[in-house]
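Heads up, data_38.csv below (CSV, C-alpha atoms):
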```
chain,number,residue,atom,x,y,z
A,1,VAL,CA,-10.6,8.3,3.0
A,2,LYS,CA,-11.8,10.9,5.3
A,3,SER,CA,-9.4,12.8,7.6
A,4,GLY,CA,-10.5,14.9,10.5
A,5,GLY,CA,-10.3,13.4,14.0
A,6,GLY,CA,-12.9,15.0,16.2
A,7,GLY,CA,-13.5,17.9,13.8
A,8,GLY,CA,-14.2,16.4,10.4
A,9,GLY,CA,-12.2,17.7,7.5
A,10,ALA,CA,-11.5,17.6,3.8
A,11,GLU,CA,-11.3,14.5,1.6
A,12,GLU,CA,-7.8,13.2,2.0
A,13,GLY,CA,-6.1,13.8,-1.3
A,14,ALA,CA,-3.0,12.2,-2.9
A,15,ALA,CA,-0.8,14.2,-0.5
A,16,GLY,CA,-2.3,12.6,2.6
A,17,ALA,CA,-2.3,9.1,0.9
A,18,ALA,CA,1.4,9.5,0.0
A,19,VAL,CA,2.5,10.4,3.5
A,20,ARG,CA,0.5,7.5,4.9
A,21,ARG,CA,2.2,5.1,2.5
A,22,TRP,CA,5.6,6.4,3.5
A,23,VAL,CA,4.8,6.0,7.2
A,24,GLU,CA,3.5,2.5,6.7
A,25,ALA,CA,6.6,1.6,4.7
A,26,GLY,CA,8.7,2.8,7.6
A,27,GLY,CA,6.9,0.4,9.9
A,28,GLY,CA,4.5,3.0,11.4
A,29,ARG,CA,6.9,5.8,11.9
A,30,LEU,CA,9.5,8.0,10.1
A,31,VAL,CA,12.5,9.7,11.5
A,32,LEU,CA,13.2,13.3,10.5
A,33,ASP,CA,16.6,14.9,10.6
A,34,GLY,CA,17.8,17.4,13.2
A,35,GLY,CA,19.3,20.9,13.4
A,36,LEU,CA,21.1,22.1,10.3
A,37,ALA,CA,22.7,25.5,11.4
A,38,THR,CA,24.3,24.1,14.5
A,39,GLU,CA,25.9,21.3,12.5
A,40,LEU,CA,27.1,23.6,9.8
A,41,GLU,CA,28.8,25.7,12.4
A,42,ALA,CA,30.3,22.6,13.9
A,43,HIS,CA,31.8,21.9,10.5
A,44,GLY,CA,33.3,25.4,10.3
A,45,ALA,CA,30.6,27.5,8.6
A,46,ASP,CA,30.2,31.2,9.5
A,47,LEU,CA,26.4,31.8,9.7
A,48,ASN,CA,26.6,35.4,11.0
A,49,ASP,CA,24.4,36.6,8.2
A,50,PRO,CA,20.7,37.4,7.6
A,51,LEU,CA,20.6,34.4,5.2
A,52,TRP,CA,21.7,32.1,8.1
A,53,SER,CA,22.2,28.5,6.9
A,54,ALA,CA,20.9,29.5,3.4
A,55,LYS,CA,24.2,31.4,3.1
A,56,CYS,CA,25.9,28.0,2.7
A,57,ILE,CA,23.9,27.1,-0.4
A,58,LEU,CA,26.2,29.5,-2.2
A,59,SER,CA,29.4,29.4,-0.1
A,60,SER,CA,29.6,25.9,1.2
A,61,PRO,CA,27.3,23.4,-0.5
A,62,HIS,CA,29.7,20.6,0.4
A,63,LEU,CA,29.1,21.3,4.1
A,64,ILE,CA,25.3,21.1,3.6
A,65,ARG,CA,25.7,17.8,1.7
A,66,LYS,CA,27.9,16.5,4.5
A,67,VAL,CA,25.3,17.3,7.2
A,68,HIS,CA,22.5,15.8,5.2
A,69,LEU,CA,24.6,12.6,4.8
A,70,ASP,CA,25.4,12.6,8.5
A,71,TYR,CA,21.6,12.6,9.3
A,72,ILE,CA,20.8,9.8,6.8
A,73,GLU,CA,23.6,7.7,8.3
A,74,ALA,CA,22.1,8.4,11.7
A,75,GLY,CA,18.8,6.9,10.6
A,76,ALA,CA,16.8,9.8,9.2
A,77,ASN,CA,14.2,8.9,6.7
A,78,ILE,CA,13.5,12.6,5.8
A,79,ILE,CA,16.2,15.3,5.2
A,80,ILE,CA,15.0,18.9,5.1
A,81,THR,CA,16.7,21.3,2.7
A,82,ALA,CA,18.7,24.4,3.6
A,83,SER,CA,16.0,26.7,2.2
A,84,TYR,CA,14.3,27.6,5.5
A,85,GLN,CA,15.7,31.1,5.4
A,86,ALA,CA,16.3,31.1,1.6
A,87,THR,CA,14.0,33.5,-0.2
A,88,ILE,CA,14.2,35.3,-3.5
A,89,GLN,CA,13.8,38.6,-1.7
A,90,GLY,CA,16.6,37.7,0.7
A,91,PHE,CA,19.0,36.8,-2.1
A,92,GLU,CA,18.1,40.0,-4.0
A,93,SER,CA,18.9,42.1,-0.8
A,94,LYS,CA,22.4,40.6,-1.0
A,95,GLY,CA,22.8,41.7,-4.6
A,96,PHE,CA,21.7,38.6,-6.5
A,97,SER,CA,19.3,38.8,-9.4
A,98,LYS,CA,15.8,37.2,-9.2
A,99,GLU,CA,17.0,34.4,-11.5
A,100,GLN,CA,20.1,33.8,-9.4
A,101,GLY,CA,17.9,33.6,-6.3
A,102,GLU,CA,15.6,31.1,-7.9
A,103,ASN,CA,18.7,29.0,-9.0
A,104,LEU,CA,19.9,29.0,-5.4
A,105,LEU,CA,16.5,27.7,-4.2
A,106,THR,CA,16.7,24.9,-6.7
A,107,LYS,CA,20.2,24.2,-5.7
A,108,SER,CA,19.1,23.6,-2.1
A,109,VAL,CA,16.9,20.7,-3.2
A,110,GLU,CA,19.7,19.4,-5.6
A,111,ILE,CA,22.2,19.3,-2.7
A,112,ALA,CA,19.8,17.1,-0.7
A,113,HIS,CA,19.2,14.8,-3.7
A,114,GLU,CA,22.9,14.5,-4.1
A,115,ALA,CA,23.4,13.5,-0.4
A,116,ARG,CA,20.7,10.8,-0.8
A,117,GLU,CA,22.3,9.5,-3.9
A,118,MET,CA,25.7,9.4,-2.2
A,119,PHE,CA,24.3,7.4,0.7
A,120,LEU,CA,22.6,4.9,-1.6
A,121,LYS,CA,25.7,4.4,-3.7
A,122,GLN,CA,27.7,3.7,-0.5
A,123,HIS,CA,25.0,1.6,1.0
A,124,PRO,CA,23.1,-0.1,-1.8
A,125,ASP,CA,21.5,-2.5,0.6
A,126,GLN,CA,19.7,0.4,2.3
A,127,SER,CA,17.6,1.2,-0.8
A,128,THR,CA,14.5,-0.8,0.3
A,129,PRO,CA,10.8,0.0,0.6
A,130,LEU,CA,11.2,-0.4,4.4
A,131,ARG,CA,13.7,2.5,4.5
A,132,PRO,CA,12.3,5.4,2.5
A,133,ILE,CA,14.7,8.3,2.3
A,134,LEU,CA,12.9,11.4,1.3
A,135,VAL,CA,13.8,15.1,0.6
A,136,ALA,CA,11.6,17.8,2.1
A,137,ALA,CA,12.0,21.3,0.7
A,138,SER,CA,11.8,23.8,3.6
A,139,ILE,CA,9.8,26.9,3.5
A,140,GLY,CA,10.3,29.1,6.5
A,141,SER,CA,7.9,31.8,7.6
A,142,TYR,CA,8.0,35.5,6.6
A,143,GLY,CA,9.5,36.1,10.0
A,144,ALA,CA,12.5,33.8,9.2
A,145,TYR,CA,13.3,36.1,6.2
A,146,LEU,CA,13.2,39.2,8.4
A,147,ALA,CA,15.8,37.5,10.7
A,148,ASP,CA,14.6,39.5,13.6
A,149,GLY,CA,13.1,36.6,15.6
A,150,SER,CA,9.5,37.3,14.6
A,151,GLU,CA,9.0,33.7,13.6
A,152,TYR,CA,9.1,33.2,17.3
A,153,SER,CA,6.3,35.8,17.9
A,154,GLY,CA,4.2,35.9,14.7
A,155,ASP,CA,4.0,39.7,14.9
A,156,TYR,CA,4.5,41.0,11.4
A,157,GLY,CA,3.1,44.5,12.0
A,158,GLU,CA,1.7,46.1,8.8
A,159,ALA,CA,3.0,43.2,6.7
A,160,GLY,CA,0.6,40.9,8.4
A,161,THR,CA,-2.0,40.7,5.6
A,162,LEU,CA,-3.1,37.6,3.7
A,163,GLU,CA,-2.3,39.0,0.2
A,164,PHE,CA,1.1,40.3,1.3
A,165,LEU,CA,2.1,36.9,2.6
A,166,LYS,CA,0.8,35.1,-0.5
A,167,ASP,CA,2.8,37.5,-2.7
A,168,PHE,CA,5.9,37.0,-0.6
A,169,HIS,CA,5.9,33.2,-0.7
A,170,ARG,CA,4.3,32.5,-4.1
A,171,ARG,CA,7.3,32.3,-6.4
A,172,ARG,CA,9.5,30.6,-3.8
A,173,LEU,CA,6.9,27.9,-3.4
A,174,GLN,CA,6.7,27.4,-7.2
A,175,VAL,CA,10.5,27.2,-7.7
A,176,LEU,CA,10.9,24.7,-4.9
A,177,ALA,CA,8.1,22.5,-6.2
A,178,GLU,CA,9.6,22.6,-9.7
A,179,ALA,CA,12.9,21.2,-8.2
A,180,ARG,CA,10.9,18.0,-7.4
A,181,PRO,CA,11.4,17.3,-3.7
A,182,ASP,CA,9.4,14.5,-2.3
A,183,LEU,CA,7.7,16.8,0.2
A,184,ILE,CA,7.3,20.5,0.9
A,185,ALA,CA,7.8,21.4,4.6
A,186,PHE,CA,6.1,24.6,5.8
A,187,GLU,CA,8.0,25.1,9.0
A,188,THR,CA,7.8,27.1,12.2
A,189,ILE,CA,4.4,28.6,11.2
A,190,PRO,CA,3.8,31.3,13.9
A,191,ASN,CA,0.2,32.4,13.2
A,192,LYS,CA,-3.1,31.4,11.6
A,193,LEU,CA,-2.8,34.0,8.9
A,194,GLU,CA,0.3,32.5,7.4
A,195,ALA,CA,-1.2,29.0,7.5
A,196,GLN,CA,-4.2,30.3,5.5
A,197,ALA,CA,-1.8,32.0,3.0
A,198,TYR,CA,0.0,28.7,2.4
A,199,VAL,CA,-3.3,26.8,1.9
A,200,GLU,CA,-4.5,29.3,-0.7
A,201,LEU,CA,-1.1,29.2,-2.5
A,202,LEU,CA,-1.1,25.4,-2.6
A,203,GLU,CA,-4.5,25.5,-4.3
A,204,GLU,CA,-3.9,28.5,-6.6
A,205,CYS,CA,-0.4,27.3,-7.7
A,206,ASN,CA,-1.8,23.7,-8.2
A,207,ILE,CA,1.0,22.2,-6.2
A,208,ASN,CA,0.8,18.4,-6.3
A,209,ILE,CA,3.8,17.6,-4.1
A,210,PRO,CA,2.7,16.5,-0.6
A,211,SER,CA,3.3,19.1,2.1
A,212,TRP,CA,3.3,19.3,5.8
A,213,PHE,CA,2.4,22.2,8.1
A,214,SER,CA,4.4,22.5,11.3
A,215,PHE,CA,3.6,25.2,13.9
A,216,ASN,CA,5.6,26.4,16.9
A,217,SER,CA,4.5,27.1,20.5
A,218,LYS,CA,6.0,28.6,23.6
A,219,ASP,CA,3.3,27.7,26.1
A,220,GLY,CA,2.1,24.3,25.1
A,221,VAL,CA,-1.4,25.6,24.2
A,222,ASN,CA,-1.3,28.1,21.4
A,223,VAL,CA,1.1,28.9,18.5
A,224,VAL,CA,3.6,31.6,19.3
A,225,SER,CA,1.4,34.5,18.1
A,226,GLY,CA,-1.2,33.5,20.6
A,227,ASP,CA,-3.5,32.1,17.9
A,228,SER,CA,-5.2,28.8,18.9
A,229,LEU,CA,-3.2,25.8,17.8
A,230,ILE,CA,-6.5,23.9,17.3
A,231,GLU,CA,-7.7,26.6,14.9
A,232,CYS,CA,-4.4,26.5,13.0
A,233,ALA,CA,-4.5,22.7,12.8
A,234,LYS,CA,-8.0,22.9,11.4
A,235,ILE,CA,-6.8,25.1,8.6
A,236,ALA,CA,-4.1,22.4,7.7
A,237,ASN,CA,-6.6,19.6,8.1
A,238,GLU,CA,-9.1,21.1,5.6
A,239,CYS,CA,-6.5,21.3,2.8
A,240,ALA,CA,-6.3,18.0,0.9
A,241,LYS,CA,-2.7,19.0,-0.3
A,242,VAL,CA,-1.4,18.8,3.3
A,243,GLY,CA,-0.4,15.3,4.2
A,244,ALA,CA,0.8,15.8,7.8
A,245,VAL,CA,0.4,18.4,10.6
A,246,GLY,CA,2.6,19.0,13.6
A,247,ILE,CA,5.0,21.0,15.7
A,248,ASN,CA,8.6,22.1,15.4
A,249,CYS,CA,11.1,24.4,17.2
A,250,THR,CA,9.3,24.0,20.5
A,251,PRO,CA,10.6,22.8,23.9
A,252,PRO,CA,10.2,19.0,24.3
A,253,ARG,CA,8.2,19.5,27.6
A,254,PHE,CA,5.3,21.0,25.6
A,255,ILE,CA,5.0,18.4,22.9
A,256,HIS,CA,2.6,15.9,24.7
A,257,SER,CA,-0.2,18.5,25.2
A,258,LEU,CA,0.3,19.9,21.7
A,259,ILE,CA,-0.1,16.4,20.0
A,260,LEU,CA,-3.3,15.8,22.0
A,261,SER,CA,-4.6,19.2,20.8
A,262,ILE,CA,-3.8,18.4,17.1
A,263,ARG,CA,-5.4,15.0,17.4
A,264,LYS,CA,-8.7,16.6,18.3
A,265,VAL,CA,-9.1,18.1,14.8
A,266,THR,CA,-7.2,15.8,12.4
A,267,ASP,CA,-6.6,12.2,11.5
A,268,LYS,CA,-3.6,13.1,9.3
A,269,PRO,CA,-0.2,11.8,10.4
A,270,ILE,CA,1.3,14.0,13.2
A,271,LEU,CA,4.9,15.1,13.0
A,272,ILE,CA,7.0,16.6,15.8
A,273,TYR,CA,10.5,17.8,15.8
A,274,PRO,CA,11.2,19.9,18.9
A,275,ASN,CA,14.3,21.9,19.6
A,276,SER,CA,16.7,21.1,22.4
A,277,GLY,CA,14.7,23.1,24.9
A,278,GLU,CA,16.9,26.2,24.7
A,279,ARG,CA,15.4,29.7,24.1
A,280,TYR,CA,16.3,31.9,21.1
A,281,ASP,CA,17.2,35.5,22.0
A,282,ALA,CA,16.3,37.6,19.0
A,283,GLU,CA,18.2,40.7,20.1
A,284,ARG,CA,21.4,38.8,20.8
A,285,LYS,CA,20.8,36.4,17.9
A,286,GLU,CA,21.8,33.4,19.9
A,287,TRP,CA,20.4,30.4,21.8
A,288,VAL,CA,20.2,30.8,25.5
A,289,GLU,CA,20.4,27.9,27.9
A,290,SER,CA,17.2,27.7,29.9
A,291,THR,CA,15.7,24.2,29.9
A,292,GLY,CA,18.0,22.5,27.4
A,293,VAL,CA,17.9,18.8,27.6
A,294,SER,CA,20.5,16.1,26.9
A,295,ASP,CA,20.1,13.7,24.0
A,296,GLY,CA,19.2,11.0,26.6
A,297,ASP,CA,16.5,13.2,28.2
A,298,PHE,CA,15.2,14.2,24.8
A,299,VAL,CA,14.9,10.6,23.7
A,300,SER,CA,13.2,9.6,26.9
A,301,TYR,CA,10.1,11.5,25.6
A,302,VAL,CA,10.0,9.5,22.3
A,303,SER,CA,7.9,6.6,23.5
A,304,GLU,CA,5.4,9.0,25.1
A,305,TRP,CA,5.1,10.9,21.8
A,306,CYS,CA,4.5,7.7,20.0
A,307,LYS,CA,1.8,6.7,22.4
A,308,ASP,CA,0.3,10.2,21.9
A,309,GLY,CA,0.0,9.5,18.2
A,310,ALA,CA,3.1,11.1,16.6
A,311,ALA,CA,4.2,9.2,13.4
A,312,LEU,CA,7.1,11.4,12.2
A,313,ILE,CA,9.7,12.3,14.9
A,314,GLY,CA,13.0,14.2,14.7
A,315,GLY,CA,14.7,17.3,16.1
A,316,CYS,CA,15.0,21.0,15.3
A,317,CYS,CA,17.4,23.7,16.5
A,318,ARG,CA,20.4,22.5,18.5
A,319,THR,CA,19.8,18.8,18.0
A,320,THR,CA,22.4,16.8,16.3
A,321,PRO,CA,23.0,13.5,14.4
A,322,ASN,CA,23.5,11.9,17.8
A,323,THR,CA,20.0,13.0,18.8
A,324,ILE,CA,18.6,11.5,15.6
A,325,ARG,CA,20.6,8.3,16.1
A,326,ALA,CA,19.1,7.9,19.6
A,327,ILE,CA,15.6,8.7,18.3
A,328,SER,CA,16.0,6.1,15.6
A,329,ARG,CA,17.1,3.5,18.1
A,330,SER,CA,14.2,4.3,20.4
A,331,LEU,CA,11.7,4.1,17.6
A,332,ASN,CA,13.1,0.8,16.5
A,333,GLN,CA,12.5,-0.5,20.0
A,334,TYR,CA,9.0,0.9,20.0
A,335,TYR,CA,8.2,-0.4,16.5
A,336,PRO,CA,10.3,-3.5,16.1
A,337,ALA,CA,11.0,-4.7,12.6
A,338,PRO,CA,8.6,-7.4,11.4
```
Structure encoded using structure tokens:
Amino acid sequence: VKSGGGGGGAEEGAAGAAVRRWVEAGGGRLVLDGGLATELEAHGADLNDPLWSAKCILSSPHLIRKVHLDYIEAGANIIITASYQATIQGFESKGFSKEQGENLLTKSVEIAHEAREMFLKQHPDQSTPLRPILVAASIGSYGAYLADGSEYSGDYGEAGTLEFLKDFHRRRLQVLAEARPDLIAFETIPNKLEAQAYVELLEECNINIPSWFSFNSKDGVNVVSGDSLIECAKIANECAKVGAVGINCTPPRFIHSLILSIRKVTDKPILIYPNSGERYDAERKEWVESTGVSDGDFVSYVSEWCKDGAALIGGCCRTTPNTIRAISRSLNQYYPAP
């Protein structure tokens, strides 16, 4: 099978085929989960830490498991692990050994597996081919590790070299892959260079678990660094190990134009999981209301995104299980069960 929309592309490998099978099994669409950190805080977690939600892998794994379970019960087909801001380097800076850091990365995937097993034990009738429940291991950008908001700018200064980024992410990618998630989610990719680093690592490390590449935008045209989204999507399209391409952590109002841009260069499934529309203030380290939208308003976009060609839809920062429940209902109306 060839992938490549208007721009040609690589042979679709096993990764792309696997994602397509899951989408088809879900009736043409899959539901992603929503925001993790907001929900952890709602359950009492203190995330005032450079590790952010990754702090709970160590301190409150039961809370992460509970949030994963809440999202599965809300209708999510894919739950994303708490490893977005979890890096070996970040754990080492908090006094953990390299081995301990690797074990915590592995644990993030195990917690998600446990949540899935708990759900299926409680709802054995839900374990059907028509309701895949998958675990995606999250890999946040180098900027997410810095915890200075640079994943929202893509400006890494002197650290912005291909080899530096590959060295930074290599072992983390290997450890997460060894934990056997169903997918690897490269999230909130802010620039073309980091996308290229991921592609080269997938090949060099011989990673055979399907992955997705998800970029973020603040203008509806480019990724946050100012790099062309079309150029970034081309990089993802040309890698046979990437099974889906899309957008996350971006205001809902920009998604329509971004999907159309991605479709110009790929036939791979498109995923979108926007934030609530609020803006992150890196200096204050908090979300600022600007154009935040209600769950109802958010969900009103869903049928348009489906028409645009999105196949995997969920929420990112500041969205909740209620958002995902509403998305699931909307998709069930758009794609009625056979």
By how many Å are CA of Phe91 in chain A and CA of Ile57 in chain A apart? 11.0 Å
With only C-alpha atoms as the counted atoms, please give the residues lying no more than 12 Å from Ser300 in chain A, apart from itself and same-chain residues fewer than 2 positions off, as an mmCIF file with C-alpha atoms, keeping the file's coordinate frame.
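To be explicit, this is the file written out as out02.cif:
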```cif
data_model
loop_
_atom_site.group_PDB
_atom_site.id
_atom_site.type_symbol
_atom_site.label_atom_id
_atom_site.label_comp_id
_atom_site.auth_asym_id
_atom_site.auth_seq_id
_atom_site.Cartn_x
_atom_site.Cartn_y
_atom_site.Cartn_z
ATOM 1 C CA PRO A 252 10.200 19.000 24.300
ATOM 2 C CA ARG A 253 8.200 19.500 27.600
ATOM 3 C CA VAL A 293 17.900 18.800 27.600
ATOM 4 C CA SER A 294 20.500 16.100 26.900
ATOM 5 C CA ASP A 295 20.100 13.700 24.000
ATOM 6 C CA GLY A 296 19.200 11.000 26.600
ATOM 7 C CA ASP A 297 16.500 13.200 28.200
ATOM 8 C CA PHE A 298 15.200 14.200 24.800
ATOM 9 C CA VAL A 302 10.000 9.500 22.300
ATOM 10 C CA SER A 303 7.900 6.600 23.500
ATOM 11 C CA GLU A 304 5.400 9.000 25.100
ATOM 12 C CA TRP A 305 5.100 10.900 21.800
ATOM 13 C CA CYS A 306 4.500 7.700 20.000
ATOM 14 C CA THR A 323 20.000 13.000 18.800
ATOM 15 C CA ALA A 326 19.100 7.900 19.600
ATOM 16 C CA ILE A 327 15.600 8.700 18.300
ATOM 17 C CA ARG A 329 17.100 3.500 18.100
ATOM 18 C CA SER A 330 14.200 4.300 20.400
ATOM 19 C CA LEU A 331 11.700 4.100 17.600
ATOM 20 C CA TYR A 334 9.000 0.900 20.000
#
```
Can you tell me, as a PyMOL selection string, what residues are no more than 10 Å from Trp212 in chain A when counting all atoms listed in the file, ignoring any on the same chain fewer than 2 positions away? chain A and resi 15-16+19+136+138+183-187+210+214+236+241-246+268-271
Would you list the contacts of Leu47 in chain A as a PDB file with C-alpha atoms, keeping the file's coordinate frame, taking every protein, DNA or RNA residue within 10 Å and counting only C-alpha atoms, but skipping same-chain residues closer than 5 positions in sequence?
```pdb
ATOM      1  CA  ALA A  37      22.700  25.500  11.400  1.00  0.00           C
ATOM      2  CA  THR A  38      24.300  24.100  14.500  1.00  0.00           C
ATOM      3  CA  LEU A  40      27.100  23.600   9.800  1.00  0.00           C
ATOM      4  CA  GLU A  41      28.800  25.700  12.400  1.00  0.00           C
ATOM      5  CA  TRP A  52      21.700  32.100   8.100  1.00  0.00           C
ATOM      6  CA  SER A  53      22.200  28.500   6.900  1.00  0.00           C
ATOM      7  CA  ALA A  54      20.900  29.500   3.400  1.00  0.00           C
ATOM      8  CA  LYS A  55      24.200  31.400   3.100  1.00  0.00           C
ATOM      9  CA  CYS A  56      25.900  28.000   2.700  1.00  0.00           C
TER      10      CYS A  56
END
```
Find, counting only C-alpha atoms, the residue in A:Ala82, A:Leu51, A:Ile133, A:Cys239 that gets nearest to Trp22 in chain A.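 Going through A:Ala82, A:Leu51, A:Ile133, A:Cys239 one by one, the smallest distance to Trp22 in chain A is for A:Ile133.
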One decimal, in Å: what's the spacing between CA of Pro61 in chain A and CA of Glu39 in chain A? 13.2 Å
For Ile139 in chain A, which residue among A:His256, A:His123, A:Arg170, A:Lys66 is the nearest when counting only C-alpha atoms?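 Comparing A:His256, A:His123, A:Arg170, A:Lys66 against Ile139 in chain A, the winner is A:Arg170.
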Spatial neighbours of Asp219 in chain A, 12 Å, all atoms listed in the file, chain gap at least 3 places, as a VMD selection string: chain A and resid 152 to 153 216 222 to 229 250 to 258
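Using only C-alpha atoms, the nearest neighbour of Gly143 in chain A within the list A:Ile189, A:Ile78, A:Leu36, A:Ala177 is A:Ile189.
Excluding Leu32 in chain A itself and same-chain residues fewer than 6 positions from it, the residues having an atom within 9 Å of it are Tyr71, Gly75, Ala76, Asn77, Ile78, Ile79, Ile80, Leu271, Ile272, Tyr273, Leu312, Ile313, Gly314, Gly315 and Ile324 of chain A, counting all atoms listed in the file.
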Go ahead and write the selection's residues with C-alpha atoms as a PDB file, in the coordinates of the input.
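Output (out_7.pdb):
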```
ATOM      1  CA  TYR A  71      21.600  12.600   9.300  1.00  0.00           C
ATOM      2  CA  GLY A  75      18.800   6.900  10.600  1.00  0.00           C
ATOM      3  CA  ALA A  76      16.800   9.800   9.200  1.00  0.00           C
ATOM      4  CA  ASN A  77      14.200   8.900   6.700  1.00  0.00           C
ATOM      5  CA  ILE A  78      13.500  12.600   5.800  1.00  0.00           C
ATOM      6  CA  ILE A  79      16.200  15.300   5.200  1.00  0.00           C
ATOM      7  CA  ILE A  80      15.000  18.900   5.100  1.00  0.00           C
ATOM      8  CA  LEU A 271       4.900  15.100  13.000  1.00  0.00           C
ATOM      9  CA  ILE A 272       7.000  16.600  15.800  1.00  0.00           C
ATOM     10  CA  TYR A 273      10.500  17.800  15.800  1.00  0.00           C
ATOM     11  CA  LEU A 312       7.100  11.400  12.200  1.00  0.00           C
ATOM     12  CA  ILE A 313       9.700  12.300  14.900  1.00  0.00           C
ATOM     13  CA  GLY A 314      13.000  14.200  14.700  1.00  0.00           C
ATOM     14  CA  GLY A 315      14.700  17.300  16.100  1.00  0.00           C
ATOM     15  CA  ILE A 324      18.600  11.500  15.600  1.00  0.00           C
TER      16      ILE A 324
END
```
Quick one: distance from CA of Thr320 in chain A to CA of Glu24 in chain A in Å, one decimal?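 Between CA of Thr320 in chain A and CA of Glu24 in chain A the gap is 25.6 Å.
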May I ask which of the residues A:Gly27, A:Gly157, A:Gly35, A:Gly140 is the closest one to Tyr198 in chain A, counting all atoms listed in the file? A:Gly140
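Among the candidates A:Tyr145, A:Phe96, A:Phe119, A:Phe213, the residue lying nearest to Glu73 in chain A is A:Phe119 (atoms considered: all atoms listed in the file).
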Would you please work out which residue, of A:Gly154, A:Pro50, A:Pro124, A:Gly44, is nearest to Gly90 in chain A when using all atoms listed in the file?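 Using all atoms listed in the file, the shortest distance to Gly90 in chain A belongs to A:Pro50.
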